[in-house]
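Undergrad: I am sharing entry_0.cif, which consists of mmCIF, C-alpha atoms and all ligand atoms:
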data_entry
loop_
_atom_site.label_atom_id
_atom_site.label_comp_id
_atom_site.auth_asym_id
_atom_site.auth_seq_id
_atom_site.Cartn_x
_atom_site.Cartn_y
_atom_site.Cartn_z
CA MET A 1 92.70 7.66 159.04
CA GLU A 2 91.82 11.22 158.18
CA PRO A 3 89.88 11.08 154.95
CA MET A 4 91.39 14.53 154.40
CA ILE A 5 94.62 12.99 153.10
CA TRP A 6 93.26 12.79 149.55
CA ARG A 7 91.99 16.35 149.54
CA GLN A 8 95.31 17.57 150.96
CA ALA A 9 97.28 15.63 148.36
CA GLU A 10 94.97 16.89 145.62
CA GLN A 11 95.42 20.50 146.72
CA ALA A 12 99.19 20.15 146.95
CA LEU A 13 99.38 18.53 143.52
CA ALA A 14 97.07 21.08 141.93
CA GLY A 15 99.85 23.65 141.74
CA LEU A 16 102.17 21.16 140.11
CA LEU A 17 100.24 18.88 137.77
CA ALA A 18 97.66 19.44 135.09
CA ALA A 19 94.19 18.95 136.62
CA ARG A 20 93.54 15.76 134.61
CA PHE A 21 96.72 14.13 135.96
CA THR A 22 95.87 15.05 139.55
CA LYS A 23 92.34 13.65 139.24
CA ASP A 24 93.64 10.44 137.72
CA ILE A 25 96.28 9.63 140.33
CA ILE A 26 94.16 10.65 143.33
CA ARG A 27 91.32 8.46 142.10
CA LYS A 28 93.64 5.47 141.70
CA ALA A 29 95.26 6.09 145.10
CA GLU A 30 91.88 6.30 146.80
CA GLU A 31 90.78 3.01 145.22
CA ARG A 32 93.93 1.21 146.42
CA MET A 33 93.54 2.42 150.00
CA ARG A 34 89.99 1.15 150.45
CA ALA A 35 89.80 -1.07 153.55
CA ASP A 36 87.86 -3.73 151.65
CA VAL A 37 90.68 -4.03 149.08
CA HIS A 38 93.41 -4.90 151.60
CA GLY A 39 92.66 -7.12 154.62
CA THR A 40 95.33 -5.73 156.97
CA LEU A 41 94.61 -2.07 156.27
CA PRO A 42 91.99 -1.66 159.07
CA ARG A 43 94.54 -2.96 161.62
CA TRP A 44 97.19 -0.51 160.41
CA ILE A 45 94.72 2.37 160.44
CA SER A 46 93.66 1.48 163.98
CA ALA A 47 97.33 1.46 165.13
CA TRP A 48 97.87 4.79 163.34
CA GLN A 49 94.87 6.30 165.18
CA ARG A 50 96.28 5.18 168.56
CA LEU A 51 99.64 6.90 168.03
CA PRO A 52 100.32 9.95 170.23
CA GLN A 53 98.36 12.93 168.95
CA THR A 54 101.07 15.52 169.52
CA GLY A 55 104.65 15.71 168.33
CA SER A 56 106.52 17.21 165.44
CA LEU A 57 108.73 15.98 162.66
CA ASP A 58 111.91 17.96 163.13
CA LEU A 59 113.42 18.70 159.72
CA GLU A 60 116.50 20.36 161.20
CA ALA A 61 117.32 17.30 163.37
CA THR A 62 116.54 15.11 160.33
CA ARG A 63 119.10 17.08 158.33
CA GLN A 64 121.79 16.72 160.96
CA THR A 65 121.47 13.02 161.83
CA SER A 66 121.09 9.71 160.02
CA ALA A 67 117.47 9.33 161.13
CA VAL A 68 114.18 11.02 160.30
CA VAL A 69 113.32 12.53 163.68
CA VAL A 70 109.98 13.10 165.43
CA SER A 71 110.08 14.64 168.88
CA ASN A 72 107.69 15.84 171.56
CA ALA A 73 108.00 18.28 174.46
CA GLU A 74 106.10 15.88 176.77
CA PRO A 75 107.58 12.47 177.65
CA ILE A 76 105.84 9.53 175.95
CA ASP A 77 105.29 6.05 177.42
CA LEU A 78 107.68 4.08 175.21
CA GLU A 79 106.44 0.53 175.68
CA PRO A 80 102.95 1.02 174.18
CA LEU A 81 104.52 3.17 171.45
CA THR A 82 106.93 0.39 170.48
CA ARG A 83 104.04 -2.10 170.39
CA LEU A 84 102.06 0.19 168.09
CA LEU A 85 105.03 0.74 165.79
CA MET A 86 105.60 -3.02 165.59
CA GLU A 87 102.13 -3.31 164.04
CA PHE A 88 103.85 -1.86 160.96
CA HIS A 89 106.61 -4.56 160.92
CA PRO A 90 108.74 -5.16 158.82
CA TRP A 91 110.56 -1.82 158.89
CA ARG A 92 112.96 -2.02 155.94
CA LYS A 93 114.11 1.54 155.09
CA GLY A 94 115.33 4.02 157.65
CA PRO A 95 116.50 4.69 160.39
CA PHE A 96 113.79 6.70 162.12
CA GLU A 97 113.68 8.16 165.58
CA ILE A 98 110.28 8.78 167.08
CA PHE A 99 109.82 10.21 170.60
CA GLY A 100 113.27 8.87 171.49
CA THR A 101 112.62 5.35 170.13
CA ARG A 102 115.07 4.37 167.42
CA ILE A 103 113.63 2.28 164.57
CA ASP A 104 116.71 0.36 163.50
CA THR A 105 115.56 -0.72 160.07
CA GLU A 106 116.83 -3.58 157.88
CA TRP A 107 118.64 -1.11 155.63
CA ARG A 108 121.03 1.62 156.62
CA SER A 109 119.33 3.85 154.05
CA ASP A 110 121.39 6.72 155.41
CA TRP A 111 124.40 5.14 153.65
CA LYS A 112 122.66 5.35 150.27
CA TRP A 113 121.48 8.82 151.22
CA ASN A 114 125.09 9.89 151.89
CA ARG A 115 126.15 8.51 148.49
CA MET A 116 123.54 10.62 146.70
CA ALA A 117 123.22 13.69 148.90
CA GLU A 118 126.72 15.00 148.38
CA LYS A 119 126.29 14.90 144.58
CA LEU A 120 122.81 16.36 144.15
CA GLU A 121 121.09 19.68 144.74
CA PHE A 122 117.58 19.45 146.21
CA ARG A 123 116.89 23.06 147.12
CA GLY A 124 113.71 24.45 145.54
CA LYS A 125 113.11 21.29 143.50
CA LYS A 126 109.93 19.41 142.78
CA ILE A 127 110.82 15.75 143.16
CA LEU A 128 109.18 12.45 142.27
CA ASP A 129 110.42 9.31 144.06
CA VAL A 130 109.15 6.18 142.31
CA GLY A 131 109.24 3.05 144.49
CA CYS A 132 109.98 5.27 147.48
CA GLY A 133 109.15 2.67 150.15
CA ASN A 134 108.15 4.46 153.35
CA GLY A 135 109.38 7.86 152.17
CA TYR A 136 112.64 7.98 154.16
CA TYR A 137 114.50 9.79 151.35
CA GLY A 138 111.61 12.20 150.81
CA TRP A 139 111.95 13.56 154.36
CA LYS A 140 115.70 13.82 153.90
CA MET A 141 115.25 15.76 150.64
CA LEU A 142 112.68 18.06 152.25
CA ALA A 143 115.17 18.71 155.07
CA GLU A 144 117.68 19.72 152.38
CA GLY A 145 115.30 22.33 151.03
CA ALA A 146 113.27 20.45 148.39
CA ASP A 147 110.11 22.34 147.54
CA PHE A 148 107.83 19.32 147.19
CA VAL A 149 108.24 15.53 147.14
CA LEU A 150 105.74 13.10 145.68
CA GLY A 151 106.55 9.46 146.42
CA CYS A 152 104.74 6.45 145.09
CA ASP A 153 104.94 2.83 146.11
CA PRO A 154 102.40 0.08 145.44
CA PHE A 155 103.02 -1.65 148.79
CA LEU A 156 100.36 -0.38 151.24
CA LEU A 157 102.35 -1.19 154.39
CA TYR A 158 105.06 1.25 153.30
CA VAL A 159 102.44 3.92 152.57
CA MET A 160 101.12 3.41 156.11
CA GLN A 161 104.65 3.63 157.56
CA PHE A 162 104.93 6.95 155.74
CA GLU A 163 101.63 8.07 157.26
CA VAL A 164 103.02 7.43 160.75
CA PHE A 165 105.55 10.19 160.09
CA ARG A 166 103.32 12.47 158.03
CA LYS A 167 101.04 12.63 161.09
CA TYR A 168 103.70 14.82 162.74
CA ALA A 169 104.97 16.70 159.66
CA PRO A 170 104.91 20.49 159.35
CA GLN A 171 101.82 21.88 157.61
CA PRO A 172 100.98 22.59 154.86
CA HIS A 173 102.23 19.18 153.80
CA ARG A 174 104.87 19.14 151.10
CA HIS A 175 105.51 15.39 151.03
CA PHE A 176 103.03 12.69 150.03
CA VAL A 177 103.38 8.98 149.30
CA LEU A 178 100.63 7.53 147.15
CA PRO A 179 99.91 3.79 146.78
CA LEU A 180 100.80 3.62 143.10
CA GLY A 181 103.27 1.76 140.91
CA ASP A 182 105.22 3.26 138.02
CA THR A 183 102.66 2.08 135.48
CA ASP A 184 99.90 3.92 137.35
CA LEU A 185 101.56 7.27 136.71
CA PRO A 186 100.23 9.28 133.77
CA ASP A 187 102.48 9.42 130.69
CA ARG A 188 104.35 12.62 129.97
CA MET A 189 103.61 14.59 133.13
CA GLN A 190 106.78 16.62 132.37
CA CYS A 191 106.64 18.58 135.60
CA PHE A 192 109.35 17.31 137.96
CA ASP A 193 112.88 18.71 138.28
CA LEU A 194 114.25 15.47 139.69
CA CYS A 195 112.96 11.91 139.50
CA LEU A 196 114.34 9.09 141.64
CA SER A 197 114.11 5.46 140.60
CA MET A 198 116.04 3.52 143.21
CA GLY A 199 115.79 -0.24 143.60
CA VAL A 200 112.93 -0.53 141.13
CA LEU A 201 114.38 -1.16 137.64
CA TYR A 202 115.36 -4.80 138.27
CA HIS A 203 111.84 -5.53 139.52
CA ARG A 204 110.37 -4.46 136.18
CA SER A 205 109.92 -6.97 133.36
CA GLY A 206 109.98 -4.00 130.96
CA PRO A 207 112.99 -1.90 132.01
CA ILE A 208 112.87 0.24 128.86
CA ASP A 209 109.20 1.04 129.48
CA HIS A 210 110.13 2.01 133.04
CA LEU A 211 112.87 4.39 131.87
CA GLN A 212 110.59 5.92 129.23
CA LYS A 213 107.98 6.49 131.91
CA MET A 214 110.57 8.13 134.18
CA HIS A 215 111.70 10.34 131.29
CA GLY A 216 108.11 11.49 130.71
CA THR A 217 107.75 12.63 134.34
CA LEU A 218 110.60 15.16 133.94
CA LYS A 219 110.67 18.70 132.65
CA PRO A 220 113.05 18.95 129.70
CA GLY A 221 116.49 19.25 131.30
CA GLY A 222 115.26 17.55 134.50
CA GLN A 223 117.41 14.92 136.19
CA LEU A 224 116.92 11.19 136.76
CA LEU A 225 118.69 9.52 139.65
CA LEU A 226 118.73 5.83 138.76
CA GLU A 227 119.93 3.23 141.24
CA THR A 228 119.78 -0.45 140.41
CA LEU A 229 121.51 -3.82 140.66
CA VAL A 230 124.34 -4.25 138.15
CA ILE A 231 126.74 -6.98 137.07
CA GLU A 232 130.46 -6.40 136.69
CA SER A 233 131.48 -6.15 133.02
CA ASP A 234 133.09 -3.55 130.74
CA GLN A 235 130.80 -4.72 127.96
CA PRO A 236 127.10 -3.97 127.48
CA ALA A 237 125.81 -7.18 129.08
CA VAL A 238 122.76 -8.25 131.03
CA LEU A 239 121.95 -11.06 133.45
CA VAL A 240 118.45 -12.50 133.40
CA PRO A 241 118.23 -14.92 136.34
CA LYS A 242 116.70 -18.30 135.43
CA GLY A 243 114.59 -18.27 138.56
CA ARG A 244 115.14 -16.46 141.81
CA TYR A 245 117.94 -14.02 142.46
CA ALA A 246 119.02 -13.68 146.12
CA LYS A 247 115.77 -15.54 146.93
CA MET A 248 113.74 -12.78 145.20
CA ARG A 249 111.18 -14.04 142.70
CA ASN A 250 110.69 -10.71 140.94
CA VAL A 251 114.15 -9.88 139.58
CA TRP A 252 114.25 -9.61 135.78
CA PHE A 253 117.15 -7.68 134.24
CA ILE A 254 120.51 -6.97 135.89
CA PRO A 255 122.57 -4.98 133.35
CA SER A 256 126.22 -3.94 133.37
CA VAL A 257 126.80 -0.19 133.77
CA ALA A 258 127.75 -0.03 130.07
CA MET A 259 124.36 -1.55 129.18
CA LEU A 260 122.54 0.84 131.52
CA GLU A 261 124.17 3.78 129.75
CA ILE A 262 122.83 2.52 126.41
CA TRP A 263 119.34 2.05 127.87
CA LEU A 264 119.44 5.61 129.21
CA GLU A 265 120.63 7.10 125.92
CA ARG A 266 117.98 5.19 123.96
CA THR A 267 115.23 6.42 126.27
CA GLY A 268 116.03 10.13 125.90
CA PHE A 269 118.74 10.89 128.46
CA GLU A 270 122.11 12.59 128.08
CA ASP A 271 124.99 13.78 130.31
CA ILE A 272 125.04 10.40 132.04
CA ARG A 273 127.27 10.31 135.11
CA ILE A 274 128.10 7.32 137.27
CA LEU A 275 127.87 8.53 140.86
CA ASP A 276 128.68 5.32 142.65
CA VAL A 277 129.08 1.56 142.29
CA SER A 278 129.12 -0.47 145.54
CA THR A 279 128.72 -4.04 146.65
CA THR A 280 126.01 -4.32 149.28
CA THR A 281 127.40 -5.45 152.63
CA GLU A 282 125.87 -7.30 155.56
CA GLU A 283 126.38 -4.13 157.60
CA GLU A 284 124.19 -2.13 155.23
CA GLN A 285 121.36 -4.70 154.92
CA ARG A 286 120.73 -6.89 157.94
CA ARG A 287 118.15 -8.41 160.24
CA THR A 288 117.25 -6.20 163.24
CA PRO A 289 114.60 -6.27 165.98
CA TRP A 290 112.49 -4.08 163.64
CA MET A 291 112.84 -6.45 160.64
CA THR A 292 112.96 -10.01 161.91
CA PHE A 293 112.68 -11.82 158.54
CA GLU A 294 115.60 -13.08 156.46
CA SER A 295 118.10 -10.51 155.22
CA LEU A 296 121.23 -10.32 153.08
CA ALA A 297 123.28 -12.88 155.09
CA ASP A 298 120.57 -15.46 154.33
CA PHE A 299 120.60 -14.63 150.60
CA LEU A 300 124.34 -15.21 150.09
CA ASP A 301 126.23 -18.49 149.68
CA PRO A 302 127.55 -19.30 153.18
CA GLN A 303 130.75 -20.73 151.63
CA ASP A 304 131.33 -17.79 149.28
CA PRO A 305 129.61 -14.46 150.05
CA ARG A 306 130.64 -13.17 146.62
CA LYS A 307 127.73 -15.26 145.31
CA THR A 308 124.01 -15.45 145.99
CA VAL A 309 122.56 -18.76 147.20
CA GLU A 310 121.64 -19.43 143.54
CA GLY A 311 125.28 -18.95 142.41
CA TYR A 312 124.83 -15.50 140.78
CA PRO A 313 127.15 -12.55 141.55
CA ALA A 314 126.23 -11.04 144.95
CA PRO A 315 124.22 -7.78 144.92
CA ARG A 316 126.14 -4.82 143.57
CA ARG A 317 124.45 -1.50 142.95
CA ALA A 318 125.16 1.43 140.66
CA MET A 319 123.83 4.97 141.00
CA LEU A 320 123.65 7.06 137.83
CA LEU A 321 122.54 10.61 137.19
CA ALA A 322 121.18 11.53 133.77
CA VAL A 323 119.53 14.56 132.19
CA ALA A 324 116.29 14.39 130.16
CA ARG A 325 117.16 15.63 126.65
CA LYS A 326 115.32 18.81 125.67
C1 LIG A 401 114.34 -2.33 146.80
S1 LIG A 401 113.02 -1.31 147.33
C2 LIG A 401 113.75 0.28 147.14
C3 LIG A 401 113.16 1.32 148.04
C4 LIG A 401 113.83 2.69 147.96
N1 LIG A 401 113.60 3.31 146.67
C5 LIG A 401 115.30 2.59 148.23
O1 LIG A 401 116.08 2.77 147.30
O2 LIG A 401 115.70 2.32 149.36
C6 LIG A 401 111.91 -1.39 145.94
C7 LIG A 401 110.61 -0.66 146.16
O3 LIG A 401 109.93 -0.57 144.92
C8 LIG A 401 108.57 -0.84 145.12
N2 LIG A 401 108.02 -1.30 143.84
C9 LIG A 401 107.90 -2.55 143.35
N3 LIG A 401 107.34 -2.53 142.13
C10 LIG A 401 107.12 -1.23 141.82
C11 LIG A 401 106.56 -0.54 140.72
N4 LIG A 401 106.09 -1.20 139.65
N5 LIG A 401 106.49 0.80 140.74
C12 LIG A 401 106.94 1.50 141.81
N6 LIG A 401 107.47 0.89 142.89
C13 LIG A 401 107.56 -0.44 142.90
C14 LIG A 401 108.54 -1.85 146.25
O4 LIG A 401 107.29 -1.89 146.93
C15 LIG A 401 109.67 -1.36 147.13
O5 LIG A 401 109.24 -0.43 148.09
#
Can you turn what I pasted into structure tokens?
Ligand SMILES: C[S@@+](CC[C@H](N)C(=O)[O-])C[C@H]1O[C@@H](n2cnc3c(N)ncnc32)[C@H](O)[C@@H]1O

TA:
Amino acid sequence: MEPMIWRQAEQALAGLLAARFTKDIIRKAEERMRADVHGTLPRWISAWQRLPQTGSLDLEATRQTSAVVVSNAEPIDLEPLTRLLMEFHPWRKGPFEIFGTRIDTEWRSDWKWNRMAEKLEFRGKKILDVGCGNGYYGWKMLAEGADFVLGCDPFLLYVMQFEVFRKYAPQPHRHFVLPLGDTDLPDRMQCFDLCLSMGVLYHRSGPIDHLQKMHGTLKPGGQLLLETLVIESDQPAVLVPKGRYAKMRNVWFIPSVAMLEIWLERTGFEDIRILDVSTTTEEEQRRTPWMTFESLADFLDPQDPRKTVEGYPAPRRAMLLAVARK
């Protein structure tokens, strides 16, 4: 892959972050992406290099449809393209459309996008998306006029899926995904207008630490969009699964919305608004030819889909918007 990615990211971040923060996160990102650190990385890079060299990520088409769209004036041989894209299996977040091939991902992320997009303003904003997966929402936000989007996700496959699309993105690049987790981010960067934490909080054993970290990334008065699993209760309550939750090993705290509001207030947020609460359906998260592993239907009790296979309440998600106190 072009070694230039780090220099490009560094240059783009230079206008946004203090120099010491930029140096720190670029150094960490570079370390994580070393081929000798991750065994499958050379295979992904080789597939990335064999992708068509021309094409363009069409932000206008991306704005108008559910997918992130890459197109090309010349026709592309679709069979080898599909084989190359399958090197990056499993495709979880999307959909994407690349040279006419639709990547029908496990998640209809466009549904979550629709829930948030109508309630948020992205124009001119500098945005951080923590646990961004392959950057699907970043492209959508850029298409809605965001000034700059920095995503981070510790899972290298998702970073490589992002790179497939960045290859065709308009230059100079205004969207990067770095292979970092929340704890890798410097404390108190205080430079973003909007920070997204979607689908991450329940994976953290220290949810308060996570929220404090998110708070520190924001300018005073900046907004946090928090999306996470919740339980149904009017009271401040929290479920800590004894073992797995919906077959996931890494689920720690599933609060009620009332509990989430307290966590947000205690970590420096105000003007907390509940944007949405929805139960996840088997139409929104499902197995597809682009994600052939188990999906939601396999995680729910076949006799009673209101429960997970472990007997816990089935996944329900809340989306909250909060403002970092000045
Ligand atoms: C459920 S997915 C959500 C993806 C996307 N934000 C969305 O809402 O569709 C959780 C993502 O968080 C990432 N993740 C896990 N631990 C993380 C951490 N400590 N910091 C940042 N991201 C993390 C995972 O790799 C995964 O991509």

Undergrad: Show me which residues sit within 9 Å of ligand LIG 401 (chain A) when counting all atoms listed in the file, and put them as a ChimeraX atom specification.

TA: /A:92-94,107,109,112-113,129-137,152-158,179-184,196-204,210,227-228,250

Undergrad: With 8 Å added on each side, what axis-aligned box encloses every listed atom of range 92-105 of chain A? Give the centre and edge lengths in Å to one decimal, as lines of an AutoDock Vina configuration file.

TA:
center_x = 113.3
center_y = 4.1
center_z = 163.3
size_x = 22.9
size_y = 28.2
size_z = 32.4

Undergrad: Pick from A:Thr101, A:Ser256, A:Gln223, A:Gln171: nearest to Leu85 in chain A, with all atoms listed in the file counted?

TA: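 When distances to Leu85 in chain A are compared using all atoms listed in the file, the smallest one comes from A:Thr101.
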
Undergrad: Would you mind telling me which residue in A:Arg7, A:Lys326, A:Arg63, A:Lys126 lies nearest to Asp271 in chain A when using only C-alpha atoms?

TA: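 Of the candidates, the smallest distance to Asp271 in chain A is held by A:Lys326.
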
Undergrad: Leaving out Ser66 in chain A and any residue of its chain fewer than 4 positions from it, which residues lie within 8 Å of it when counting all atoms listed in the file, given as a list in words?

TA: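 With the cut-off at 8 Å, the set is Thr62, Pro95 and Asp110 of chain A.
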
Undergrad: Which residue, A:Ala61, A:Val70, A:Met116, A:Leu150, has the smallest gap to Thr22 in chain A when you use all atoms listed in the file?

TA: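 Using all atoms listed in the file, Thr22 in chain A sits closest to A:Leu150.
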
Undergrad: Go through A:Arg102, A:Arg43, A:Arg34, A:Arg123 and flag the residue nearest Val68 in chain A, using all atoms listed in the file for the distances.

TA: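 Of all the options, A:Arg102 lies closest to Val68 in chain A.
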
Undergrad: Would you give me, as a Markdown table, each residue of range 241-292 of chain A having an atom within 7 Å of an atom of range 307-318 of chain A, along with its shortest atom pair and that distance in Å to one decimal, using only C-alpha atoms and sorting by chain and residue number?

TA:
| residue | atom | partner | partner_atom | distance |
| --- | --- | --- | --- | --- |
| A:Tyr245 | CA | A:Glu310 | CA | 6.6 |
| A:Ala246 | CA | A:Thr308 | CA | 5.3 |
| A:Asp276 | CA | A:Ala318 | CA | 5.6 |
| A:Val277 | CA | A:Ala318 | CA | 4.2 |
| A:Ser278 | CA | A:Arg317 | CA | 5.4 |
| A:Thr279 | CA | A:Arg316 | CA | 4.1 |
| A:Thr280 | CA | A:Arg316 | CA | 5.7 |

Undergrad: Leu264 in chain A: which residues within 8 Å, counting all atoms listed in the file, same-chain residues fewer than 5 positions away excluded, as an mmCIF file with C-alpha atoms, in the coordinates of the input?

TA:
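So the final result, stored in part-v6.cif, reads:
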data_model
loop_
_atom_site.group_PDB
_atom_site.id
_atom_site.type_symbol
_atom_site.label_atom_id
_atom_site.label_comp_id
_atom_site.auth_asym_id
_atom_site.auth_seq_id
_atom_site.Cartn_x
_atom_site.Cartn_y
_atom_site.Cartn_z
ATOM 1 C CA LEU A 211 112.870 4.390 131.870
ATOM 2 C CA PHE A 269 118.740 10.890 128.460
ATOM 3 C CA GLU A 270 122.110 12.590 128.080
ATOM 4 C CA ILE A 272 125.040 10.400 132.040
ATOM 5 C CA ALA A 322 121.180 11.530 133.770
#
